>>> print(open('run.csv').read())   # CSV, N, CA and C atoms
chain,number,residue,atom,x,y,z
F,1,MET,N,0.8,-1.2,0.0
F,1,MET,CA,0.0,0.0,0.0
F,1,MET,C,0.9,1.2,0.0
F,2,THR,N,0.5,2.2,-0.7
F,2,THR,CA,1.2,3.5,-0.7
F,2,THR,C,0.3,4.5,-0.1
F,3,THR,N,0.8,5.2,0.9
F,3,THR,CA,0.1,6.3,1.6
F,3,THR,C,1.0,7.5,1.5
F,4,HIS,N,0.6,8.5,0.9
F,4,HIS,CA,1.3,9.8,0.7
F,4,HIS,C,2.7,9.5,0.2
F,5,GLY,N,2.8,8.6,-0.8
F,5,GLY,CA,4.0,8.2,-1.5
F,5,GLY,C,4.9,7.3,-0.7
F,6,THR,N,4.4,6.7,0.4
F,6,THR,CA,5.2,5.9,1.3
F,6,THR,C,4.7,4.5,1.2
F,7,LEU,N,5.5,3.5,1.1
F,7,LEU,CA,5.1,2.1,1.0
F,7,LEU,C,5.0,1.5,2.4
F,8,VAL,N,3.8,0.8,2.6
F,8,VAL,CA,3.6,0.1,3.8
F,8,VAL,C,3.2,-1.3,3.4
F,9,THR,N,3.9,-2.3,4.0
F,9,THR,CA,3.7,-3.7,3.6
F,9,THR,C,3.5,-4.6,4.8
F,10,VAL,N,2.9,-5.7,4.6
F,10,VAL,CA,2.7,-6.7,5.6
F,10,VAL,C,3.3,-8.0,5.2
F,11,ASN,N,4.1,-8.6,6.0
F,11,ASN,CA,4.7,-9.9,5.7
F,11,ASN,C,3.9,-11.0,6.4
F,12,HIS,N,3.1,-11.7,5.6
F,12,HIS,CA,2.1,-12.7,6.2
F,12,HIS,C,2.9,-13.9,6.8
F,13,ALA,N,4.1,-14.1,6.5
F,13,ALA,CA,4.9,-15.2,7.1
F,13,ALA,C,5.6,-14.8,8.3
F,14,SER,N,5.6,-13.5,8.7
F,14,SER,CA,6.3,-13.0,9.9
F,14,SER,C,5.6,-13.5,11.2
F,15,PRO,N,6.4,-13.7,12.2
F,15,PRO,CA,5.9,-14.1,13.5
F,15,PRO,C,5.2,-12.9,14.2
F,16,VAL,N,5.4,-11.7,13.7
F,16,VAL,CA,4.8,-10.4,14.2
F,16,VAL,C,3.4,-10.3,13.6
F,17,PRO,N,2.4,-10.2,14.4
F,17,PRO,CA,1.0,-10.1,13.9
F,17,PRO,C,0.8,-9.0,12.9
F,18,PRO,N,0.0,-9.2,11.8
F,18,PRO,CA,-0.2,-8.1,10.8
F,18,PRO,C,-0.6,-6.8,11.4
F,19,TYR,N,-1.5,-6.8,12.4
F,19,TYR,CA,-1.9,-5.5,12.9
F,19,TYR,C,-0.7,-4.7,13.5
F,20,GLU,N,0.2,-5.5,14.2
F,20,GLU,CA,1.4,-4.9,14.8
F,20,GLU,C,2.4,-4.4,13.7
F,21,GLN,N,2.5,-5.1,12.6
F,21,GLN,CA,3.4,-4.7,11.5
F,21,GLN,C,2.9,-3.3,11.0
F,22,LEU,N,1.6,-3.3,10.8
F,22,LEU,CA,0.9,-2.1,10.2
F,22,LEU,C,1.0,-0.9,11.2
F,23,ARG,N,0.7,-1.2,12.5
F,23,ARG,CA,0.8,-0.1,13.5
F,23,ARG,C,2.2,0.4,13.6
F,24,SER,N,3.2,-0.5,13.6
F,24,SER,CA,4.6,-0.1,13.8
F,24,SER,C,5.0,0.8,12.6
F,25,GLN,N,4.7,0.3,11.4
F,25,GLN,CA,5.2,1.1,10.2
F,25,GLN,C,4.5,2.5,10.2
F,26,LEU,N,3.2,2.5,10.4
F,26,LEU,CA,2.5,3.8,10.4
F,26,LEU,C,3.1,4.7,11.5
F,27,ALA,N,3.3,4.2,12.7
F,27,ALA,CA,3.9,5.0,13.8
F,27,ALA,C,5.2,5.5,13.5
F,28,ASP,N,6.0,4.7,12.8
F,28,ASP,CA,7.4,5.1,12.4
F,28,ASP,C,7.2,6.2,11.4
F,29,LEU,N,6.3,6.1,10.4
F,29,LEU,CA,6.2,7.2,9.4
F,29,LEU,C,5.7,8.5,10.0
F,30,ILE,N,4.9,8.4,11.1
F,30,ILE,CA,4.5,9.6,11.8
F,30,ILE,C,5.7,10.2,12.6
F,31,SER,N,6.4,9.3,13.3
F,31,SER,CA,7.5,9.8,14.1
F,31,SER,C,8.6,10.4,13.4
F,32,VAL,N,8.8,10.0,12.1
F,32,VAL,CA,9.9,10.6,11.3
F,32,VAL,C,9.4,11.7,10.4
F,33,GLY,N,8.1,12.0,10.5
F,33,GLY,CA,7.5,13.2,9.8
F,33,GLY,C,7.2,12.9,8.4
F,34,ARG,N,7.2,11.6,7.9
F,34,ARG,CA,6.8,11.2,6.6
F,34,ARG,C,5.2,11.3,6.5
F,35,LEU,N,4.5,11.1,7.6
F,35,LEU,CA,3.1,11.4,7.7
F,35,LEU,C,3.0,12.5,8.6
F,36,VAL,N,2.5,13.7,8.1
F,36,VAL,CA,2.5,14.9,9.0
F,36,VAL,C,1.1,15.1,9.6
F,37,GLN,N,1.1,16.0,10.6
F,37,GLN,CA,-0.1,16.3,11.2
F,37,GLN,C,-1.2,16.7,10.2
F,38,GLY,N,-2.4,16.2,10.3
F,38,GLY,CA,-3.5,16.4,9.4
F,38,GLY,C,-3.5,15.5,8.2
F,39,ALA,N,-2.5,14.7,8.0
F,39,ALA,CA,-2.5,13.7,6.9
F,39,ALA,C,-3.6,12.7,7.1
F,40,LYS,N,-4.4,12.4,6.1
F,40,LYS,CA,-5.5,11.5,6.2
F,40,LYS,C,-5.0,10.1,5.8
F,41,LEU,N,-5.2,9.1,6.7
F,41,LEU,CA,-4.9,7.7,6.4
F,41,LEU,C,-6.0,7.1,5.5
F,42,PRO,N,-5.6,6.1,4.7
F,42,PRO,CA,-6.6,5.4,3.9
F,42,PRO,C,-7.8,4.8,4.8
F,43,SER,N,-8.9,4.7,4.2
F,43,SER,CA,-10.1,4.1,4.9
F,43,SER,C,-9.7,2.7,5.3
F,44,VAL,N,-10.3,2.2,6.4
F,44,VAL,CA,-10.1,0.8,6.8
F,44,VAL,C,-10.3,-0.2,5.7
F,45,ARG,N,-11.4,0.0,5.0
F,45,ARG,CA,-11.7,-1.0,3.9
F,45,ARG,C,-10.6,-0.9,2.8
F,46,GLN,N,-10.2,0.3,2.4
F,46,GLN,CA,-9.2,0.5,1.4
F,46,GLN,C,-7.9,-0.1,1.8
F,47,LEU,N,-7.4,0.2,3.0
F,47,LEU,CA,-6.2,-0.4,3.4
F,47,LEU,C,-6.2,-1.9,3.5
F,48,ALA,N,-7.3,-2.4,4.1
F,48,ALA,CA,-7.4,-3.8,4.2
F,48,ALA,C,-7.4,-4.5,2.9
F,49,SER,N,-8.1,-3.9,1.9
F,49,SER,CA,-8.1,-4.5,0.5
F,49,SER,C,-6.7,-4.4,-0.1
F,50,ASP,N,-6.0,-3.3,0.1
F,50,ASP,CA,-4.7,-3.1,-0.5
F,50,ASP,C,-3.7,-4.1,0.0
F,51,LEU,N,-3.8,-4.4,1.3
F,51,LEU,CA,-2.8,-5.3,2.0
F,51,LEU,C,-3.3,-6.7,2.1
F,52,GLY,N,-4.5,-7.0,1.7
F,52,GLY,CA,-5.0,-8.4,1.8
F,52,GLY,C,-5.2,-8.8,3.2
F,53,LEU,N,-5.8,-7.9,4.0
F,53,LEU,CA,-6.0,-8.1,5.4
F,53,LEU,C,-7.5,-8.0,5.7
F,54,ALA,N,-7.9,-8.5,6.8
F,54,ALA,CA,-9.3,-8.4,7.3
F,54,ALA,C,-9.5,-6.9,7.8
F,55,ASN,N,-10.7,-6.4,7.6
F,55,ASN,CA,-11.0,-5.0,8.1
F,55,ASN,C,-10.6,-4.9,9.6
F,56,ASN,N,-10.9,-5.9,10.4
F,56,ASN,CA,-10.6,-5.8,11.8
F,56,ASN,C,-9.2,-5.7,12.2
F,57,THR,N,-8.3,-6.2,11.3
F,57,THR,CA,-6.9,-6.1,11.5
F,57,THR,C,-6.5,-4.6,11.4
F,58,VAL,N,-7.0,-3.9,10.4
F,58,VAL,CA,-6.7,-2.5,10.2
F,58,VAL,C,-7.3,-1.7,11.3
F,59,VAL,N,-8.5,-2.0,11.7
F,59,VAL,CA,-9.2,-1.3,12.8
F,59,VAL,C,-8.4,-1.4,14.1
F,60,ARG,N,-7.8,-2.6,14.3
F,60,ARG,CA,-7.0,-2.7,15.6
F,60,ARG,C,-5.7,-1.9,15.5
F,61,ALA,N,-5.1,-1.9,14.3
F,61,ALA,CA,-3.9,-1.0,14.2
F,61,ALA,C,-4.2,0.4,14.4
F,62,TYR,N,-5.3,0.9,13.7
F,62,TYR,CA,-5.7,2.3,13.9
F,62,TYR,C,-6.1,2.6,15.3
F,63,ARG,N,-6.8,1.7,16.0
F,63,ARG,CA,-7.1,1.9,17.4
F,63,ARG,C,-5.9,2.1,18.3
F,64,GLU,N,-4.9,1.2,18.0
F,64,GLU,CA,-3.7,1.3,18.8
F,64,GLU,C,-2.9,2.6,18.6
F,65,LEU,N,-2.9,3.1,17.3
F,65,LEU,CA,-2.3,4.4,17.0
F,65,LEU,C,-3.1,5.5,17.7
F,66,GLU,N,-4.4,5.3,17.8
F,66,GLU,CA,-5.2,6.4,18.4
F,66,GLU,C,-4.9,6.4,19.9
F,67,SER,N,-4.8,5.2,20.5
F,67,SER,CA,-4.5,5.1,21.9
F,67,SER,C,-3.1,5.7,22.3
F,68,ALA,N,-2.2,5.6,21.3
F,68,ALA,CA,-0.9,6.2,21.5
F,68,ALA,C,-0.9,7.7,21.2
F,69,GLY,N,-2.1,8.3,20.8
F,69,GLY,CA,-2.2,9.7,20.6
F,69,GLY,C,-1.6,10.1,19.3
F,70,LEU,N,-1.4,9.2,18.3
F,70,LEU,CA,-0.8,9.6,17.0
F,70,LEU,C,-1.8,9.9,16.0
F,71,VAL,N,-3.0,9.4,16.1
F,71,VAL,CA,-4.1,9.6,15.1
F,71,VAL,C,-5.4,9.9,15.8
F,72,SER,N,-6.3,10.4,15.1
F,72,SER,CA,-7.7,10.6,15.6
F,72,SER,C,-8.6,10.1,14.5
F,73,THR,N,-9.6,9.3,14.9
F,73,THR,CA,-10.6,8.8,14.0
F,73,THR,C,-12.0,9.4,14.3
F,74,ARG,N,-12.6,9.9,13.3
F,74,ARG,CA,-14.0,10.4,13.4
F,74,ARG,C,-14.8,9.8,12.4
F,75,ARG,N,-16.0,9.3,12.8
F,75,ARG,CA,-16.9,8.7,11.9
F,75,ARG,C,-17.3,9.7,10.8
F,76,GLY,N,-17.1,9.2,9.6
F,76,GLY,CA,-17.4,10.1,8.4
F,76,GLY,C,-16.3,10.9,7.9
F,77,SER,N,-15.3,11.2,8.8
F,77,SER,CA,-14.1,12.0,8.4
F,77,SER,C,-12.9,11.1,8.2
F,78,GLY,N,-12.9,9.9,8.7
F,78,GLY,CA,-11.7,9.1,8.6
F,78,GLY,C,-10.7,9.2,9.7
F,79,THR,N,-9.5,8.7,9.4
F,79,THR,CA,-8.4,8.8,10.4
F,79,THR,C,-7.4,9.7,9.9
F,80,GLN,N,-7.0,10.6,10.8
F,80,GLN,CA,-5.9,11.6,10.5
F,80,GLN,C,-4.8,11.6,11.5
F,81,VAL,N,-3.6,12.0,11.1
F,81,VAL,CA,-2.5,12.1,12.0
F,81,VAL,C,-2.7,13.4,12.8
F,82,VAL,N,-2.5,13.2,14.1
F,82,VAL,CA,-2.8,14.4,15.0
F,82,VAL,C,-1.5,15.1,15.4
F,83,ALA,N,-0.4,14.4,15.7
F,83,ALA,CA,0.8,15.1,16.1
F,83,ALA,C,2.0,14.2,16.1
F,84,LEU,N,3.1,14.8,16.1
F,84,LEU,CA,4.4,14.1,16.3
F,84,LEU,C,4.6,13.9,17.7
F,85,PRO,N,5.2,12.7,18.1
F,85,PRO,CA,5.4,12.5,19.5
F,85,PRO,C,6.6,13.5,20.0
F,86,SER,N,6.5,13.8,21.3
F,86,SER,CA,7.6,14.7,21.9
F,86,SER,C,8.9,13.9,21.9
F,87,GLY,N,9.9,14.5,22.3
F,87,GLY,CA,11.2,13.8,22.4
F,87,GLY,C,11.2,12.6,23.3
F,88,ALA,N,10.6,12.8,24.5
F,88,ALA,CA,10.5,11.7,25.4
F,88,ALA,C,9.7,10.6,24.9
F,89,GLU,N,8.5,10.9,24.3
F,89,GLU,CA,7.7,9.9,23.7
F,89,GLU,C,8.4,9.2,22.6
F,90,GLY,N,9.1,9.9,21.8
F,90,GLY,CA,9.9,9.3,20.7
F,90,GLY,C,10.9,8.3,21.2
F,91,ARG,N,11.6,8.6,22.3
F,91,ARG,CA,12.6,7.7,22.9
F,91,ARG,C,11.9,6.5,23.4
F,92,THR,N,10.7,6.7,24.1
F,92,THR,CA,10.0,5.5,24.6
F,92,THR,C,9.6,4.6,23.5
F,93,ARG,N,9.1,5.2,22.4
F,93,ARG,CA,8.7,4.4,21.2
F,93,ARG,C,9.8,3.7,20.6
F,94,LEU,N,11.0,4.3,20.6
F,94,LEU,CA,12.2,3.7,20.0
F,94,LEU,C,12.5,2.5,20.9
F,95,ALA,N,12.5,2.6,22.2
F,95,ALA,CA,12.7,1.5,23.1
F,95,ALA,C,11.7,0.4,22.8
F,96,GLU,N,10.5,0.7,22.6
F,96,GLU,CA,9.5,-0.3,22.3
F,96,GLU,C,9.8,-1.1,21.1
F,97,HIS,N,10.2,-0.3,20.0
F,97,HIS,CA,10.6,-1.0,18.8
F,97,HIS,C,11.8,-1.9,18.9
F,98,ALA,N,12.7,-1.4,19.7
F,98,ALA,CA,13.9,-2.2,20.0
F,98,ALA,C,13.6,-3.5,20.7
F,99,ARG,N,12.7,-3.4,21.6
F,99,ARG,CA,12.3,-4.6,22.3
F,99,ARG,C,11.6,-5.6,21.4
F,100,ALA,N,10.7,-5.1,20.5
F,100,ALA,CA,10.0,-5.9,19.6
F,100,ALA,C,11.0,-6.6,18.6
F,101,PHE,N,12.0,-5.8,18.1
F,101,PHE,CA,13.0,-6.3,17.2
F,101,PHE,C,13.8,-7.4,17.9
F,102,ALA,N,14.2,-7.1,19.2
F,102,ALA,CA,15.0,-8.1,19.9
F,102,ALA,C,14.2,-9.4,20.1
F,103,ALA,N,12.9,-9.3,20.3
F,103,ALA,CA,12.1,-10.5,20.5
F,103,ALA,C,12.0,-11.3,19.2
F,104,SER,N,11.8,-10.5,18.1
F,104,SER,CA,11.8,-11.2,16.8
F,104,SER,C,13.1,-11.9,16.4
F,105,ALA,N,14.2,-11.2,16.8
F,105,ALA,CA,15.5,-11.7,16.5
F,105,ALA,C,15.7,-13.0,17.3
F,106,ARG,N,15.3,-13.0,18.5
F,106,ARG,CA,15.4,-14.2,19.4
F,106,ARG,C,14.6,-15.4,18.8
F,107,GLN,N,13.4,-15.1,18.3
F,107,GLN,CA,12.5,-16.1,17.7
F,107,GLN,C,13.2,-16.7,16.5
F,108,LEU,N,13.9,-15.9,15.8
F,108,LEU,CA,14.6,-16.3,14.6
F,108,LEU,C,15.9,-17.1,14.9
F,109,GLY,N,16.3,-17.0,16.2
F,109,GLY,CA,17.5,-17.7,16.6
F,109,GLY,C,18.8,-16.9,16.3
F,110,ALA,N,18.7,-15.6,16.1
F,110,ALA,CA,19.8,-14.8,15.8
F,110,ALA,C,20.6,-14.5,17.1
F,111,THR,N,21.9,-14.4,16.9
F,111,THR,CA,22.8,-14.1,18.1
F,111,THR,C,22.7,-12.6,18.3
F,112,ASP,N,23.2,-12.1,19.4
F,112,ASP,CA,23.2,-10.6,19.6
F,112,ASP,C,24.0,-9.9,18.5
F,113,GLU,N,25.1,-10.5,18.1
F,113,GLU,CA,26.0,-9.9,17.1
F,113,GLU,C,25.2,-9.9,15.7
F,114,GLU,N,24.5,-10.9,15.4
F,114,GLU,CA,23.8,-10.9,14.1
F,114,GLU,C,22.6,-9.9,14.2
F,115,ALA,N,22.0,-9.8,15.3
F,115,ALA,CA,20.9,-8.8,15.4
F,115,ALA,C,21.4,-7.4,15.3
F,116,LEU,N,22.5,-7.1,16.0
F,116,LEU,CA,23.1,-5.8,15.9
F,116,LEU,C,23.6,-5.5,14.4
F,117,ALA,N,24.2,-6.5,13.8
F,117,ALA,CA,24.6,-6.3,12.4
F,117,ALA,C,23.5,-6.0,11.5
F,118,ALA,N,22.3,-6.6,11.7
F,118,ALA,CA,21.1,-6.4,10.9
F,118,ALA,C,20.7,-4.9,11.1
F,119,VAL,N,20.7,-4.4,12.4
F,119,VAL,CA,20.3,-3.0,12.6
F,119,VAL,C,21.3,-2.1,11.9
F,120,ARG,N,22.6,-2.4,12.1
F,120,ARG,CA,23.6,-1.5,11.4
F,120,ARG,C,23.4,-1.4,9.9
F,121,HIS,N,23.1,-2.6,9.3
F,121,HIS,CA,22.9,-2.7,7.9
F,121,HIS,C,21.6,-1.9,7.5
F,122,ALA,N,20.6,-2.0,8.3
F,122,ALA,CA,19.3,-1.3,8.0
F,122,ALA,C,19.6,0.2,8.1
F,123,LEU,N,20.3,0.6,9.2
F,123,LEU,CA,20.5,2.1,9.3
F,123,LEU,C,21.4,2.6,8.2
F,124,ALA,N,22.3,1.8,7.7
F,124,ALA,CA,23.1,2.3,6.6
F,124,ALA,C,22.5,2.2,5.2
F,125,SER,N,21.3,1.6,5.2
F,125,SER,CA,20.6,1.4,3.9
F,125,SER,C,20.1,2.7,3.3
F,126,ARG,N,20.2,2.8,2.0
F,126,ARG,CA,19.8,4.0,1.3
F,126,ARG,C,18.3,4.1,1.2
F,127,GLU,N,17.6,3.0,1.5
F,127,GLU,CA,16.2,3.0,1.4
F,127,GLU,C,15.4,3.6,2.6
F,128,LEU,N,16.1,3.9,3.6
F,128,LEU,CA,15.5,4.6,4.8
F,128,LEU,C,15.1,6.0,4.5
F,129,PRO,N,14.0,6.5,5.1
F,129,PRO,CA,13.6,7.9,4.9
F,129,PRO,C,14.7,8.9,5.3
>>> encode(input="run.csv", output="structure tokens")
Amino acid sequence: MTTHGTLVTVNHASPVPPYEQLRSQLADLISVGRLVQGAKLPSVRQLASDLGLANNTVVRAYRELESAGLVSTRRGSGTQVVALPSGAEGRTRLAEHARAFAASARQLGATDEEALAAVRHALASRELP
């Protein structure tokens, strides 16, 4: 799915649930400013169709983003980005992402060195925003 020129994908073979993959990617796009305040997210039906997901999966991801204070959903108006997280919130979210990545790395049987190498490689990638 492309939202505001940004690709969001779901790996159906991943041990990370699809709603969490979606929530995490959208939260990241908001936190780095790729989705700015006021940006409208695709409708639940549209995003579910684009990604081959059940509507409830997208609803859960949007609800979690709303609980985190990143988006606001209004019936008839859709879901919009409300604000970037503050510095402290950003660091907290970074720590959450790090824990999720560490858990995934453990599930894959990666060593600490392999996990850190994967992060370094990803940070050095030209594909990052």
>>> atom_distance(input="run.csv", atom1="CA of Asn55 (chain F)", atom2="atom C of Leu7 (chain F)")
18.2 Å
>>> residues_around(input="run.csv", residues="Pro15 (chain F)", least_positions_apart="6", cutoff="12 Å", atoms="only C-alpha atoms", output="number ranges by chain")
F: 21, 100-101, 103-108
>>> atom_distance(input="run.csv", atom1="CA of Ser43 (chain F)", atom2="atom C of Arg91 (chain F)")
28.8 Å
>>> residues_around(input="run.csv", residues="Leu26 (chain F)", least_positions_apart="6", cutoff="8 Å", atoms="all atoms listed in the file", output="PDB file with N, CA and C atoms, in the coordinates of the input")
ATOM      1  N   VAL F   8       3.800   0.800   2.600  1.00  0.00           N
ATOM      2  CA  VAL F   8       3.600   0.100   3.800  1.00  0.00           C
ATOM      3  C   VAL F   8       3.200  -1.300   3.400  1.00  0.00           C
ATOM      4  N   GLU F  20       0.200  -5.500  14.200  1.00  0.00           N
ATOM      5  CA  GLU F  20       1.400  -4.900  14.800  1.00  0.00           C
ATOM      6  C   GLU F  20       2.400  -4.400  13.700  1.00  0.00           C
ATOM      7  N   VAL F  32       8.800  10.000  12.100  1.00  0.00           N
ATOM      8  CA  VAL F  32       9.900  10.600  11.300  1.00  0.00           C
ATOM      9  C   VAL F  32       9.400  11.700  10.400  1.00  0.00           C
ATOM     10  N   LEU F  35       4.500  11.100   7.600  1.00  0.00           N
ATOM     11  CA  LEU F  35       3.100  11.400   7.700  1.00  0.00           C
ATOM     12  C   LEU F  35       3.000  12.500   8.600  1.00  0.00           C
ATOM     13  N   LEU F  65      -2.900   3.100  17.300  1.00  0.00           N
ATOM     14  CA  LEU F  65      -2.300   4.400  17.000  1.00  0.00           C
ATOM     15  C   LEU F  65      -3.100   5.500  17.700  1.00  0.00           C
TER      16      LEU F  65
END
>>> atom_distance(input="run.csv", atom1="CA of Ala110 (chain F)", atom2="CA of Asp28 (chain F)")
23.7 Å
>>> closest_residue(input="run.csv", among="F:Thr92, F:Gln37, F:Thr57, F:Ser49", to="Thr79 (chain F)", atoms="only C-alpha atoms")
F:Gln37
>>> closest_residue(input="run.csv", among="F:Arg45, F:Val71, F:Val10, F:Gln80", to="Val58 (chain F)", atoms="all atoms listed in the file")
F:Arg45
>>> decode(input="run.csv", residues="region 21-43 of chain F", atoms="N, CA and C atoms", output="PDB file, in the first residue's frame")
ATOM      1  N   GLN F  21       2.534  -5.127  12.630  1.00  0.00           N
ATOM      2  CA  GLN F  21       3.383  -4.673  11.537  1.00  0.00           C
ATOM      3  C   GLN F  21       2.854  -3.348  10.979  1.00  0.00           C
ATOM      4  N   LEU F  22       1.554  -3.293  10.774  1.00  0.00           N
ATOM      5  CA  LEU F  22       0.925  -2.092  10.240  1.00  0.00           C
ATOM      6  C   LEU F  22       1.040  -0.931  11.224  1.00  0.00           C
ATOM      7  N   ARG F  23       0.705  -1.174  12.488  1.00  0.00           N
ATOM      8  CA  ARG F  23       0.789  -0.138  13.516  1.00  0.00           C
ATOM      9  C   ARG F  23       2.202   0.427  13.608  1.00  0.00           C
ATOM     10  N   SER F  24       3.172  -0.474  13.637  1.00  0.00           N
ATOM     11  CA  SER F  24       4.564  -0.081  13.779  1.00  0.00           C
ATOM     12  C   SER F  24       5.039   0.769  12.595  1.00  0.00           C
ATOM     13  N   GLN F  25       4.718   0.337  11.385  1.00  0.00           N
ATOM     14  CA  GLN F  25       5.150   1.088  10.213  1.00  0.00           C
ATOM     15  C   GLN F  25       4.506   2.473  10.159  1.00  0.00           C
ATOM     16  N   LEU F  26       3.211   2.544  10.448  1.00  0.00           N
ATOM     17  CA  LEU F  26       2.542   3.841  10.429  1.00  0.00           C
ATOM     18  C   LEU F  26       3.067   4.735  11.543  1.00  0.00           C
ATOM     19  N   ALA F  27       3.292   4.183  12.730  1.00  0.00           N
ATOM     20  CA  ALA F  27       3.853   4.963  13.830  1.00  0.00           C
ATOM     21  C   ALA F  27       5.232   5.493  13.459  1.00  0.00           C
ATOM     22  N   ASP F  28       6.023   4.660  12.805  1.00  0.00           N
ATOM     23  CA  ASP F  28       7.352   5.101  12.374  1.00  0.00           C
ATOM     24  C   ASP F  28       7.249   6.248  11.374  1.00  0.00           C
ATOM     25  N   LEU F  29       6.331   6.117  10.416  1.00  0.00           N
ATOM     26  CA  LEU F  29       6.166   7.172   9.406  1.00  0.00           C
ATOM     27  C   LEU F  29       5.727   8.480  10.041  1.00  0.00           C
ATOM     28  N   ILE F  30       4.911   8.390  11.084  1.00  0.00           N
ATOM     29  CA  ILE F  30       4.485   9.588  11.798  1.00  0.00           C
ATOM     30  C   ILE F  30       5.657  10.170  12.581  1.00  0.00           C
ATOM     31  N   SER F  31       6.399   9.306  13.269  1.00  0.00           N
ATOM     32  CA  SER F  31       7.471   9.802  14.138  1.00  0.00           C
ATOM     33  C   SER F  31       8.616  10.435  13.356  1.00  0.00           C
ATOM     34  N   VAL F  32       8.837  10.009  12.122  1.00  0.00           N
ATOM     35  CA  VAL F  32       9.913  10.616  11.333  1.00  0.00           C
ATOM     36  C   VAL F  32       9.413  11.749  10.438  1.00  0.00           C
ATOM     37  N   GLY F  33       8.104  12.034  10.532  1.00  0.00           N
ATOM     38  CA  GLY F  33       7.550  13.151   9.775  1.00  0.00           C
ATOM     39  C   GLY F  33       7.165  12.852   8.356  1.00  0.00           C
ATOM     40  N   ARG F  34       7.183  11.587   7.943  1.00  0.00           N
ATOM     41  CA  ARG F  34       6.750  11.234   6.586  1.00  0.00           C
ATOM     42  C   ARG F  34       5.234  11.333   6.463  1.00  0.00           C
ATOM     43  N   LEU F  35       4.532  11.116   7.584  1.00  0.00           N
ATOM     44  CA  LEU F  35       3.093  11.379   7.661  1.00  0.00           C
ATOM     45  C   LEU F  35       2.951  12.533   8.646  1.00  0.00           C
ATOM     46  N   VAL F  36       2.530  13.680   8.150  1.00  0.00           N
ATOM     47  CA  VAL F  36       2.498  14.889   8.959  1.00  0.00           C
ATOM     48  C   VAL F  36       1.131  15.120   9.584  1.00  0.00           C
ATOM     49  N   GLN F  37       1.101  15.997  10.561  1.00  0.00           N
ATOM     50  CA  GLN F  37      -0.146  16.343  11.223  1.00  0.00           C
ATOM     51  C   GLN F  37      -1.186  16.749  10.183  1.00  0.00           C
ATOM     52  N   GLY F  38      -2.373  16.161  10.288  1.00  0.00           N
ATOM     53  CA  GLY F  38      -3.456  16.448   9.356  1.00  0.00           C
ATOM     54  C   GLY F  38      -3.530  15.490   8.184  1.00  0.00           C
ATOM     55  N   ALA F  39      -2.478  14.693   7.976  1.00  0.00           N
ATOM     56  CA  ALA F  39      -2.500  13.728   6.868  1.00  0.00           C
ATOM     57  C   ALA F  39      -3.605  12.707   7.121  1.00  0.00           C
ATOM     58  N   LYS F  40      -4.362  12.416   6.083  1.00  0.00           N
ATOM     59  CA  LYS F  40      -5.461  11.466   6.202  1.00  0.00           C
ATOM     60  C   LYS F  40      -4.976  10.079   5.800  1.00  0.00           C
ATOM     61  N   LEU F  41      -5.234   9.101   6.664  1.00  0.00           N
ATOM     62  CA  LEU F  41      -4.880   7.721   6.366  1.00  0.00           C
ATOM     63  C   LEU F  41      -5.969   7.099   5.495  1.00  0.00           C
ATOM     64  N   PRO F  42      -5.627   6.051   4.745  1.00  0.00           N
ATOM     65  CA  PRO F  42      -6.645   5.388   3.925  1.00  0.00           C
ATOM     66  C   PRO F  42      -7.769   4.838   4.799  1.00  0.00           C
ATOM     67  N   SER F  43      -8.939   4.681   4.195  1.00  0.00           N
ATOM     68  CA  SER F  43     -10.050   4.087   4.937  1.00  0.00           C
ATOM     69  C   SER F  43      -9.685   2.665   5.338  1.00  0.00           C
TER      70      SER F  43
END
